[in-house]
>>> print(open('structure_38.txt').read())   # compact mmCIF, C-alpha atoms
# COMPACT_ATOMS: atom_id res chain seq x y z
CA MET A 1 129.97 108.28 44.74
CA LEU A 2 131.00 111.90 45.29
CA SER A 3 132.44 111.09 48.73
CA GLU A 4 134.78 108.43 47.35
CA PHE A 5 135.72 110.73 44.45
CA VAL A 6 136.87 113.33 46.98
CA VAL A 7 138.63 110.77 49.20
CA ARG A 8 140.70 109.36 46.33
CA ARG A 9 142.17 112.77 45.72
CA LEU A 10 143.41 113.10 49.29
CA PRO A 11 146.78 111.90 50.58
CA ASP A 12 146.67 108.28 51.76
CA LYS A 13 147.43 109.22 55.37
CA ASN A 14 144.36 111.52 55.55
CA ARG A 15 141.81 109.18 53.97
CA PRO A 16 140.87 107.16 57.10
CA GLN A 17 140.10 110.36 59.04
CA VAL A 18 138.21 112.14 56.26
CA ARG A 19 136.16 109.28 54.78
CA PRO A 20 133.71 108.83 57.75
CA TRP A 21 132.93 112.56 57.87
CA LEU A 22 132.23 112.69 54.15
CA TRP A 23 129.75 109.84 54.45
CA VAL A 24 128.07 111.19 57.58
CA GLY A 25 128.24 114.84 56.51
CA PRO A 26 125.05 114.97 54.40
CA ALA A 27 123.02 113.32 57.14
CA LEU A 28 124.43 115.73 59.75
CA PHE A 29 123.58 118.65 57.49
CA LEU A 30 119.96 117.50 57.15
CA VAL A 31 119.66 116.96 60.92
CA ALA A 32 121.04 120.43 61.57
CA ALA A 33 118.89 122.12 58.91
CA PHE A 34 115.57 120.46 59.74
CA LEU A 35 115.91 119.59 63.44
CA LEU A 36 118.68 121.39 65.32
CA PHE A 37 118.31 124.93 63.94
CA PRO A 38 114.47 124.98 64.19
CA MET A 39 114.73 123.65 67.75
CA ILE A 40 117.17 126.39 68.71
CA GLY A 41 114.93 128.99 67.04
CA THR A 42 111.90 127.71 68.98
CA ILE A 43 113.79 127.85 72.28
CA VAL A 44 114.92 131.43 71.57
CA GLN A 45 111.39 132.48 70.57
CA SER A 46 109.96 131.05 73.78
CA PHE A 47 111.78 133.85 75.66
CA GLU A 48 110.43 136.58 73.34
CA ASP A 49 107.05 138.11 72.64
CA ASN A 50 105.37 138.10 69.24
CA LYS A 51 107.32 141.24 68.29
CA GLY A 52 110.69 139.64 69.04
CA SER A 53 111.36 141.53 72.28
CA PHE A 54 112.94 139.61 75.14
CA VAL A 55 110.43 138.87 77.92
CA GLY A 56 112.28 136.24 79.94
CA LEU A 57 110.05 133.56 81.44
CA GLN A 58 106.78 135.40 80.85
CA ASN A 59 105.54 132.94 78.22
CA PHE A 60 106.22 130.03 80.55
CA GLY A 61 104.49 131.91 83.36
CA ASP A 62 101.41 132.35 81.17
CA GLN A 63 101.29 128.60 80.57
CA LEU A 64 102.26 127.36 84.03
CA GLY A 65 101.43 130.16 86.45
CA SER A 66 97.63 130.00 86.57
CA TYR A 67 96.67 126.53 87.81
CA PRO A 68 94.38 124.95 86.66
CA GLY A 69 94.43 127.26 83.65
CA GLY A 70 97.12 127.69 81.03
CA SER A 71 98.66 124.40 79.95
CA TRP A 72 97.96 122.49 83.16
CA ILE A 73 95.00 120.55 81.77
CA ALA A 74 97.09 119.49 78.77
CA ILE A 75 100.04 118.58 81.03
CA ARG A 76 97.78 116.51 83.28
CA ASN A 77 96.28 114.66 80.33
CA ASN A 78 99.67 113.96 78.77
CA LEU A 79 101.59 113.00 81.91
CA ILE A 80 98.84 111.08 83.71
CA PHE A 81 96.12 109.81 81.40
CA TRP A 82 98.04 109.32 78.16
CA LEU A 83 101.46 108.42 79.55
CA ILE A 84 100.13 105.88 82.07
CA PHE A 85 96.97 104.41 80.55
CA TYR A 86 98.00 104.53 76.88
CA THR A 87 101.39 102.94 77.57
CA LEU A 88 99.98 100.24 79.85
CA PHE A 89 97.04 99.41 77.56
CA VAL A 90 99.18 99.04 74.43
CA LEU A 91 101.88 97.05 76.23
CA ALA A 92 99.38 94.76 77.96
CA PHE A 93 97.31 94.02 74.85
CA GLY A 94 100.40 93.67 72.66
CA LEU A 95 102.03 91.22 75.05
CA LEU A 96 98.80 89.27 75.55
CA LEU A 97 98.22 88.91 71.82
CA ALA A 98 101.85 88.01 71.14
CA VAL A 99 101.69 85.18 73.68
CA LEU A 100 98.21 83.92 72.76
CA PHE A 101 98.90 83.66 69.04
CA ASP A 102 102.46 82.37 69.24
CA ARG A 103 103.06 79.17 67.26
CA VAL A 104 99.43 78.47 66.39
CA PRO A 105 98.33 77.32 62.90
CA TYR A 106 96.52 80.59 62.07
CA GLU A 107 99.18 82.84 63.63
CA SER A 108 100.14 84.83 60.52
CA THR A 109 96.51 85.48 59.52
CA VAL A 110 95.40 86.68 62.94
CA LYS A 111 98.47 88.85 63.46
CA SER A 112 97.99 90.42 60.04
CA LEU A 113 94.42 91.33 60.97
CA ILE A 114 95.53 92.80 64.30
CA PHE A 115 98.31 94.76 62.60
CA MET A 116 95.95 96.09 59.89
CA PRO A 117 94.89 99.26 61.82
CA MET A 118 98.52 100.39 61.55
CA ALA A 119 97.86 100.95 57.83
CA ILE A 120 95.14 103.49 58.69
CA SER A 121 96.20 107.10 59.21
CA SER A 122 95.62 108.55 62.67
CA VAL A 123 93.14 111.04 61.21
CA ALA A 124 91.07 108.28 59.59
CA LEU A 125 91.27 106.29 62.82
CA GLY A 126 89.91 109.27 64.74
CA VAL A 127 87.01 109.68 62.30
CA ILE A 128 86.11 105.98 62.57
CA TRP A 129 86.06 106.04 66.36
CA LYS A 130 84.26 109.38 66.50
CA PHE A 131 81.36 107.77 64.65
CA MET A 132 81.53 104.76 66.97
CA TYR A 133 81.23 107.09 69.98
CA TRP A 134 78.57 109.30 68.34
CA TYR A 135 75.95 110.48 70.83
CA GLN A 136 72.30 111.40 70.32
CA PRO A 137 70.02 112.50 73.18
CA SER A 138 67.88 109.84 74.82
CA GLY A 139 64.83 108.95 72.76
CA GLU A 140 66.49 109.59 69.39
CA VAL A 141 67.91 106.94 67.07
CA GLN A 142 71.47 106.12 68.13
CA THR A 143 73.70 106.06 65.06
CA GLY A 144 76.89 105.56 67.08
CA THR A 145 77.91 101.92 67.42
CA LEU A 146 78.52 101.95 71.16
CA ASN A 147 75.36 103.85 72.06
CA ALA A 148 73.34 101.58 69.76
CA LEU A 149 74.62 98.65 71.82
CA VAL A 150 73.92 100.52 75.06
CA SER A 151 70.34 101.19 73.96
CA LEU A 152 69.81 97.46 73.42
CA VAL A 153 70.08 96.91 77.17
CA HIS A 154 67.66 99.84 77.77
CA HIS A 155 70.30 102.14 79.20
CA ASP A 156 70.51 105.87 78.50
CA PRO A 157 73.06 106.75 75.80
CA VAL A 158 76.46 107.90 77.01
CA ALA A 159 78.21 111.05 75.74
CA TRP A 160 81.54 109.28 75.54
CA LEU A 161 83.53 112.23 74.22
CA GLN A 162 81.73 114.98 76.14
CA ASP A 163 81.20 113.36 79.54
CA GLN A 164 83.89 114.62 81.97
CA TRP A 165 83.13 112.00 84.65
CA PRO A 166 84.07 111.97 87.45
CA GLY A 167 83.34 115.63 88.06
CA ASP A 168 85.59 117.73 85.88
CA LEU A 169 88.46 115.25 85.96
CA ALA A 170 87.54 114.15 82.43
CA LEU A 171 88.63 110.56 82.93
CA LEU A 172 85.87 109.01 80.81
CA ASN A 173 86.36 111.01 77.63
CA ASN A 174 90.16 110.83 77.88
CA LEU A 175 89.94 107.06 78.23
CA ALA A 176 87.66 107.01 75.17
CA LEU A 177 90.37 108.82 73.18
CA ILE A 178 93.09 106.54 74.56
CA THR A 179 91.05 103.45 73.63
CA ALA A 180 90.86 104.63 70.02
CA ALA A 181 94.60 105.30 69.90
CA THR A 182 95.33 101.94 71.55
CA TRP A 183 93.38 100.11 68.84
CA GLY A 184 95.51 101.75 66.19
CA ILE A 185 98.94 101.01 67.68
CA THR A 186 98.53 97.64 69.45
CA GLY A 187 99.67 95.84 66.29
CA PHE A 188 103.03 97.61 66.53
CA SER A 189 103.53 96.45 70.11
CA MET A 190 102.41 92.90 69.26
CA VAL A 191 104.83 92.53 66.33
CA ILE A 192 107.87 93.75 68.30
CA LEU A 193 107.06 91.64 71.34
CA SER A 194 106.24 88.63 69.17
CA ALA A 195 109.71 88.85 67.61
CA ALA A 196 111.27 88.93 71.08
CA LEU A 197 109.14 85.94 72.12
CA LYS A 198 110.30 83.90 69.14
CA GLY A 199 113.90 84.69 70.10
CA ILE A 200 113.52 82.65 73.30
CA PRO A 201 115.02 79.17 72.73
CA GLY A 202 112.34 76.49 72.53
CA ASP A 203 114.62 74.07 74.40
CA LEU A 204 114.50 76.36 77.42
CA LEU A 205 110.70 76.28 77.49
CA GLU A 206 110.60 72.51 76.99
CA ALA A 207 113.05 72.03 79.85
CA ALA A 208 110.77 74.07 82.13
CA ARG A 209 107.78 71.92 81.10
CA VAL A 210 109.72 68.72 81.74
CA ASP A 211 110.52 70.03 85.23
CA GLY A 212 106.77 70.29 85.85
CA ALA A 213 106.27 74.04 85.45
CA GLY A 214 102.84 75.17 84.26
CA GLU A 215 102.33 77.63 81.41
CA ILE A 216 101.62 80.54 83.76
CA THR A 217 104.76 79.77 85.78
CA ILE A 218 106.81 79.52 82.59
CA PHE A 219 105.53 82.90 81.49
CA ARG A 220 106.25 84.53 84.86
CA ARG A 221 109.64 82.93 85.54
CA VAL A 222 111.09 82.39 82.04
CA ILE A 223 109.36 84.27 79.21
CA PHE A 224 108.64 87.60 80.92
CA PRO A 225 112.14 88.14 82.39
CA LEU A 226 113.79 87.31 79.04
CA MET A 227 111.45 89.71 77.23
CA MET A 228 111.90 92.53 79.74
CA PRO A 229 114.60 94.46 77.77
CA THR A 230 112.35 94.53 74.70
CA ILE A 231 109.31 95.45 76.81
CA VAL A 232 111.23 98.39 78.25
CA VAL A 233 112.23 99.63 74.78
CA VAL A 234 108.67 99.31 73.47
CA GLY A 235 107.32 100.95 76.62
CA THR A 236 109.60 103.99 76.38
CA THR A 237 108.75 104.33 72.68
CA LEU A 238 105.06 104.36 73.61
CA VAL A 239 105.76 107.00 76.26
CA ILE A 240 107.16 109.23 73.51
CA PHE A 241 104.05 108.53 71.39
CA ALA A 242 101.86 109.43 74.39
CA LEU A 243 103.64 112.73 74.96
CA LYS A 244 103.26 113.60 71.25
CA ALA A 245 99.55 112.68 71.08
CA PHE A 246 97.79 114.99 68.64
CA ASP A 247 95.89 113.51 65.67
CA VAL A 248 93.27 111.49 67.51
CA VAL A 249 92.49 114.28 69.98
CA TYR A 250 92.33 116.91 67.23
CA VAL A 251 89.89 114.90 65.12
CA MET A 252 87.66 113.58 67.88
CA THR A 253 87.34 116.47 70.38
CA ASN A 254 89.75 119.25 69.30
CA GLY A 255 90.77 119.49 72.94
CA LEU A 256 87.28 120.38 74.20
CA TYR A 257 85.75 118.99 77.40
CA ASN A 258 89.11 119.02 79.25
CA SER A 259 90.70 116.63 76.74
CA ASP A 260 93.47 119.00 75.58
CA VAL A 261 97.05 117.76 75.11
CA LEU A 262 100.30 119.69 74.74
CA ALA A 263 100.80 119.16 71.01
CA LEU A 264 97.24 120.27 70.26
CA ARG A 265 97.55 123.29 72.55
CA MET A 266 100.72 124.29 70.74
CA TYR A 267 98.94 123.93 67.39
CA ASN A 268 95.96 126.03 68.48
CA LEU A 269 98.16 128.76 69.94
CA LEU A 270 100.24 128.91 66.77
CA TYR A 271 97.62 128.66 64.03
CA LEU A 272 94.38 129.84 65.66
CA SER A 273 95.57 132.40 68.21
CA ARG A 274 98.62 133.44 66.15
CA ASN A 275 100.58 133.52 69.40
CA ASN A 276 103.97 132.28 68.25
CA ALA A 277 105.68 133.05 71.55
CA SER A 278 103.28 131.04 73.74
CA ALA A 279 103.25 128.20 71.19
CA SER A 280 107.06 128.09 71.38
CA ALA A 281 106.88 127.92 75.18
CA VAL A 282 104.51 124.94 75.00
CA ALA A 283 106.83 123.30 72.46
CA VAL A 284 109.76 123.71 74.86
CA ILE A 285 107.71 122.20 77.69
CA LEU A 286 106.95 119.23 75.44
CA LEU A 287 110.62 118.98 74.44
CA ILE A 288 111.70 118.93 78.09
CA ALA A 289 109.26 116.08 78.74
CA VAL A 290 110.37 114.02 75.71
CA ILE A 291 114.18 114.33 75.84
CA PRO A 292 114.80 112.27 79.05
CA VAL A 293 112.58 109.47 77.73
CA LEU A 294 114.33 109.57 74.36
CA ILE A 295 117.78 109.31 75.96
CA PHE A 296 116.64 106.41 78.15
CA ASN A 297 115.14 104.68 75.12
CA LEU A 298 118.38 104.97 73.13
CA ARG A 299 120.39 103.53 76.03
CA GLN A 300 118.01 100.62 76.43
CA PHE A 301 118.07 99.94 72.69
CA ARG A 302 121.87 99.84 72.74
CA ALA A 303 121.80 97.52 75.75
CA VAL A 304 119.44 95.14 73.93
CA GLU A 305 121.64 95.18 70.82
CA ALA A 306 124.74 94.51 72.93
CA ARG A 307 123.17 91.34 74.36
CA ARG A 308 122.54 89.86 70.92
>>> encode(input="structure_38.txt", output="structure tokens")
Amino acid sequence: MLSEFVVRRLPDKNRPQVRPWLWVGPALFLVAAFLLFPMIGTIVQSFEDNKGSFVGLQNFGDQLGSYPGGSWIAIRNNLIFWLIFYTLFVLAFGLLLAVLFDRVPYESTVKSLIFMPMAISSVALGVIWKFMYWYQPSGEVQTGTLNALVSLVHHDPVAWLQDQWPGDLALLNNLALITAATWGITGFSMVILSAALKGIPGDLLEAARVDGAGEITIFRRVIFPLMMPTIVVVGTTLVIFALKAFDVVYVMTNGLYNSDVLALRMYNLLYLSRNNASASAVAVILLIAVIPVLIFNLRQFRAVEARR
């Protein structure tokens, strides 16, 4: 290796200090070139206009100063609908499936089937669910799976992706998008939580059963507390996924009907409106939202590793 070749030509007393930097150096260079420098450039550009002139906080004012316009709809969807519902849905279904299919004869087969959507790209996932939600006016043939089922019970078809019920809050169509994304990522949550579940000593569970505890009590008093560090790590990872939501929304609604999210708004400002300055401001807003969660996630991950 080139690093060792260089180290061998250094004085013996300097080798211990130089060797780690030579090994880490290429990785640090890549992080700086493809992450740090672009991030700094984006932050600088967020304080400039499209011509490069300094405008202070004007770009942020354009995005945040005209409630409910600007980026407020996207912020609401990211920080309320996606962050709360997406995280809770994926965690709940992942934990439920991990517990239900733990140590059963067909465990590997069922878990493989549940994990299979992870092999599908987010764009393909969005296309699949868009056809499932497809809406035709009442009286026409319903080609969408869900509305075909709804028509069987003689109910009017539902515009799942266009309906902004209740009122203009757009809860229904945002939940439709979140459901599609949940289907695609639940396998990830299940696998991680299943690994944590299998790390709980069987003797501990048997001792609880011998003492007369029921399965629900064992889950509440033994399994859940022992899995909590892993649940927190998975949950914070899902929060980051929620804040970065893009593909599913772009494919299924393109942010229409009050379903916009920050990443999609940034994309549209940059590539459709050609407004680099405002796109940079939205990117900084998204960065500010993600960084605290990322730091917390890293600390929790280290805490879990330290307990092993």
>>> residues_around(input="structure_38.txt", residues="A:Gly52", least_positions_apart="5", cutoff="9 Å", atoms="only C-alpha atoms", output="NGL selection string")
:A and (45 or 47 or 277)
>>> closest_residue(input="structure_38.txt", among="A:Asn50, A:Gln136, A:Asn77, A:Thr182", to="A:Gln162", atoms="only C-alpha atoms")
A:Gln136
>>> closest_residue(input="structure_38.txt", among="A:Ser46, A:Gln17, A:Asn78, A:Ser273", to="A:Ile240", atoms="all atoms listed in the file")
A:Asn78
>>> atom_distance(input="structure_38.txt", atom1="atom CA of A:Ala159", atom2="atom CA of A:Val248")
17.2 Å
>>> closest_residue(input="structure_38.txt", among="A:Tyr257, A:Ala124, A:Val191, A:Arg274", to="A:Glu107", atoms="only C-alpha atoms")
A:Val191
>>> closest_residue(input="structure_38.txt", among="A:Gly139, A:Ala279, A:Asp102, A:Val293", to="A:His155", atoms="only C-alpha atoms")
A:Gly139
>>> closest_residue(input="structure_38.txt", among="A:Ile295, A:Leu35, A:Val261, A:Leu197", to="A:Trp72", atoms="all atoms listed in the file")
A:Val261
>>> closest_residue(input="structure_38.txt", among="A:Gly167, A:Pro105, A:Gly69, A:Gly184", to="A:Ser121", atoms="all atoms listed in the file")
A:Gly184
>>> atom_distance(input="structure_38.txt", atom1="atom CA of A:Leu294", atom2="atom CA of A:Ser259")
24.8 Å
>>> residues_around(input="structure_38.txt", residues="A:Leu161", least_positions_apart="5", cutoff="9 Å", atoms="all atoms listed in the file", output="PyMOL selection string")
chain A and resi 130+133-135+172-174+176-177+252-253+256-257+259
>>> residues_around(input="structure_38.txt", residues="A:Gln63", least_positions_apart="4", cutoff="10 Å", atoms="all atoms listed in the file", output="PyMOL selection string")
chain A and resi 58-59+67-72+278-279+281-282+285
>>> residues_around(input="structure_38.txt", residues="A:Leu83", least_positions_apart="4", cutoff="6 Å", atoms="only C-alpha atoms", output="list in words")
Asn78, Leu79, Thr87, Val239 and Ala242 of chain A
